[in-house]
$ cat start_7.csv   # CSV, C-alpha atoms
chain,number,residue,atom,x,y,z
A,15,THR,CA,-14.0,9.6,-13.0
A,16,GLU,CA,-15.8,8.4,-9.9
A,17,ARG,CA,-15.3,4.8,-10.7
A,18,GLU,CA,-11.5,5.2,-11.2
A,19,THR,CA,-11.3,7.0,-7.8
A,20,GLN,CA,-13.3,4.2,-6.2
A,21,MET,CA,-10.8,1.6,-7.7
A,22,ALA,CA,-7.9,3.6,-6.4
A,23,TYR,CA,-9.4,3.6,-2.9
A,24,ALA,CA,-10.0,-0.1,-3.2
A,25,VAL,CA,-6.3,-0.6,-4.0
A,26,LYS,CA,-5.4,1.6,-0.9
A,27,ASP,CA,-7.7,-0.4,1.3
A,28,LEU,CA,-6.3,-3.7,0.0
A,29,ILE,CA,-2.7,-2.6,0.7
A,30,GLU,CA,-3.6,-1.4,4.2
A,31,ALA,CA,-5.4,-4.6,5.0
A,32,GLN,CA,-2.4,-6.6,3.9
A,33,GLY,CA,-0.7,-5.8,7.1
A,34,GLU,CA,2.5,-7.9,7.7
A,35,GLU,CA,2.0,-10.1,4.6
A,36,THR,CA,4.7,-9.8,2.0
A,37,GLU,CA,2.7,-10.9,-1.0
A,38,SER,CA,3.7,-9.0,-4.1
A,39,ILE,CA,1.7,-5.9,-4.9
A,40,GLN,CA,1.1,-7.3,-8.4
A,41,ARG,CA,-0.4,-10.5,-7.1
A,42,LEU,CA,-2.4,-8.6,-4.4
A,43,LEU,CA,-3.9,-6.3,-7.0
A,44,ALA,CA,-4.7,-9.1,-9.4
A,45,SER,CA,-7.5,-10.0,-6.9
A,46,LEU,CA,-9.3,-6.8,-8.1
A,47,GLY,CA,-9.6,-8.2,-11.6
A,48,ARG,CA,-7.6,-5.5,-13.3
A,49,SER,CA,-4.0,-5.3,-14.5
A,50,TYR,CA,-1.3,-4.0,-12.2
A,51,ALA,CA,-0.4,-1.3,-14.8
A,52,HIS,CA,-3.9,0.0,-14.9
A,53,LEU,CA,-4.4,0.0,-11.2
A,54,SER,CA,-1.0,1.6,-10.6
A,55,ARG,CA,-1.9,4.4,-13.0
A,56,LEU,CA,-5.2,5.0,-11.3
A,57,PHE,CA,-3.6,4.9,-7.8
A,58,ARG,CA,-0.9,7.4,-8.9
A,59,ARG,CA,-3.4,9.7,-10.5
A,60,VAL,CA,-5.5,9.8,-7.3
A,61,PHE,CA,-2.8,9.7,-4.6
A,62,GLY,CA,0.4,10.9,-6.4
A,63,ILE,CA,2.4,7.8,-5.5
A,64,THR,CA,2.6,4.3,-6.8
A,65,PRO,CA,1.1,1.4,-4.9
A,66,VAL,CA,4.5,-0.1,-4.2
A,67,ASP,CA,5.8,3.3,-2.8
A,68,TYR,CA,2.6,3.6,-0.7
A,69,ARG,CA,3.2,0.2,0.9
A,70,ASN,CA,6.8,1.2,1.6
A,71,VAL,CA,5.6,4.5,3.2
A,72,LEU,CA,3.3,2.4,5.5
A,73,ARG,CA,6.2,0.1,6.4
A,74,LEU,CA,8.5,3.0,7.2
A,75,GLU,CA,5.9,4.7,9.4
A,76,LYS,CA,5.4,1.5,11.3
A,77,ALA,CA,9.1,1.1,11.7
A,78,LYS,CA,9.4,4.7,13.0
A,79,THR,CA,6.7,3.9,15.6
A,80,LEU,CA,8.4,0.7,16.7
A,81,LEU,CA,11.8,2.5,17.0
A,82,ARG,CA,10.2,4.9,19.5
A,83,ASN,CA,9.5,2.0,21.8
A,84,PRO,CA,12.5,1.7,24.2
A,85,ARG,CA,11.6,-1.8,25.2
A,86,LEU,CA,12.2,-3.2,21.6
A,87,THR,CA,15.6,-4.1,20.3
A,88,MET,CA,16.7,-3.1,16.8
A,89,ALA,CA,16.4,-6.8,15.8
A,90,GLU,CA,12.8,-6.9,17.1
A,91,VAL,CA,11.9,-3.8,15.1

$ encode --input "start_7.csv" --output "structure tokens"
Amino acid sequence: TERETQMAYAVKDLIEAQGEETESIQRLLASLGRSYAHLSRLFRRVFGITPVDYRNVLRLEKAKTLLRNPRLTMAEV
């Protein structure tokens, strides 16, 4: 439904806004007032990936970008 899709996008926005914070996804999504299991199902239904996997993809993409910068050491990345 439209409401479920909106909730999935709210989860996506929340994860993207989290940035460098390492708060657990479960705690982060609790701020939306729904259970992690419910939000995870909605997210997966809409995006085909779990919220945890999505956050990991974002982190890997950022790491790949940083690795392309020759001025950064591996430790800095």

$ residues_around --input "start_7.csv" --residues "stretch 46-63 of chain A" --least-positions-apart "6" --cutoff "10 Å" --atoms "all atoms listed in the file" --output "list in words"
Glu18, Thr19, Gln20, Met21, Ala22, Tyr23, Ala24, Val25, Lys26, Leu28, Ile39, Gln40, Arg69 and Val71 of chain A

$ write_last_selection --input "start_7.csv" --atoms "C-alpha atoms" --output "PDB file, in the frame of the given file"
ATOM      1  CA  GLU A  18     -11.500   5.200 -11.200  1.00  0.00           C
ATOM      2  CA  THR A  19     -11.300   7.000  -7.800  1.00  0.00           C
ATOM      3  CA  GLN A  20     -13.300   4.200  -6.200  1.00  0.00           C
ATOM      4  CA  MET A  21     -10.800   1.600  -7.700  1.00  0.00           C
ATOM      5  CA  ALA A  22      -7.900   3.600  -6.400  1.00  0.00           C
ATOM      6  CA  TYR A  23      -9.400   3.600  -2.900  1.00  0.00           C
ATOM      7  CA  ALA A  24     -10.000  -0.100  -3.200  1.00  0.00           C
ATOM      8  CA  VAL A  25      -6.300  -0.600  -4.000  1.00  0.00           C
ATOM      9  CA  LYS A  26      -5.400   1.600  -0.900  1.00  0.00           C
ATOM     10  CA  LEU A  28      -6.300  -3.700   0.000  1.00  0.00           C
ATOM     11  CA  ILE A  39       1.700  -5.900  -4.900  1.00  0.00           C
ATOM     12  CA  GLN A  40       1.100  -7.300  -8.400  1.00  0.00           C
ATOM     13  CA  ARG A  69       3.200   0.200   0.900  1.00  0.00           C
ATOM     14  CA  VAL A  71       5.600   4.500   3.200  1.00  0.00           C
TER      15      VAL A  71
END

$ atom_distance --input "start_7.csv" --atom1 "atom CA of A:Pro65" --atom2 "atom CA of A:Ile29"
7.9 Å

$ closest_residue --input "start_7.csv" --among "A:Leu43, A:Ala31, A:Leu80, A:Ala89" --to "A:Val66" --atoms "only C-alpha atoms"
A:Leu43

$ closest_residue --input "start_7.csv" --among "A:Ser38, A:Glu16, A:Pro84, A:Gln32" --to "A:Leu72" --atoms "all atoms listed in the file"
A:Gln32

$ atom_distance --input "start_7.csv" --atom1 "atom CA of A:Glu90" --atom2 "atom CA of A:Lys78"
12.8 Å

$ atom_distance --input "start_7.csv" --atom1 "atom CA of A:Glu30" --atom2 "atom CA of A:Arg73"
10.2 Å

$ decode --input "start_7.csv" --residues "stretch 44-57 of chain A" --atoms "N, CA, C and O atoms" --output "compact mmCIF listing (two decimals), in the first residue's frame"
# COMPACT_ATOMS: atom_id res chain seq x y z
N ALA A 44 13.40 2.23 15.88
CA ALA A 44 12.43 2.32 16.97
C ALA A 44 11.86 3.74 17.06
O ALA A 44 10.74 3.94 17.52
N SER A 45 12.64 4.72 16.60
CA SER A 45 12.17 6.10 16.64
C SER A 45 10.97 6.33 15.72
O SER A 45 10.29 7.34 15.83
N LEU A 46 10.72 5.39 14.82
CA LEU A 46 9.56 5.51 13.93
C LEU A 46 8.30 4.92 14.54
O LEU A 46 7.23 4.97 13.93
N GLY A 47 8.42 4.34 15.73
CA GLY A 47 7.25 3.85 16.44
C GLY A 47 6.69 2.52 15.95
O GLY A 47 5.56 2.18 16.25
N ARG A 48 7.48 1.79 15.20
CA ARG A 48 7.07 0.47 14.72
C ARG A 48 8.17 -0.52 15.09
O ARG A 48 9.29 -0.15 15.35
N SER A 49 7.85 -1.81 15.07
CA SER A 49 8.86 -2.81 15.40
C SER A 49 9.87 -2.93 14.28
O SER A 49 9.57 -2.67 13.10
N TYR A 50 11.07 -3.35 14.65
CA TYR A 50 12.12 -3.54 13.66
C TYR A 50 11.68 -4.57 12.63
O TYR A 50 11.87 -4.38 11.42
N ALA A 51 11.09 -5.67 13.09
CA ALA A 51 10.68 -6.74 12.18
C ALA A 51 9.69 -6.22 11.13
O ALA A 51 9.83 -6.52 9.93
N HIS A 52 8.73 -5.45 11.56
CA HIS A 52 7.74 -4.90 10.64
C HIS A 52 8.38 -3.96 9.63
O HIS A 52 8.16 -4.09 8.41
N LEU A 53 9.20 -3.04 10.11
CA LEU A 53 9.84 -2.09 9.21
C LEU A 53 10.83 -2.77 8.26
O LEU A 53 10.94 -2.39 7.10
N SER A 54 11.49 -3.79 8.75
CA SER A 54 12.43 -4.53 7.92
C SER A 54 11.68 -5.24 6.78
O SER A 54 12.14 -5.23 5.63
N ARG A 55 10.53 -5.83 7.10
CA ARG A 55 9.72 -6.48 6.05
C ARG A 55 9.26 -5.47 5.01
O ARG A 55 9.34 -5.73 3.80
N LEU A 56 8.77 -4.31 5.46
CA LEU A 56 8.33 -3.28 4.52
C LEU A 56 9.49 -2.82 3.63
O LEU A 56 9.33 -2.68 2.42
N PHE A 57 10.62 -2.56 4.26
CA PHE A 57 11.80 -2.08 3.52
C PHE A 57 12.22 -3.10 2.47
O PHE A 57 12.46 -2.75 1.32
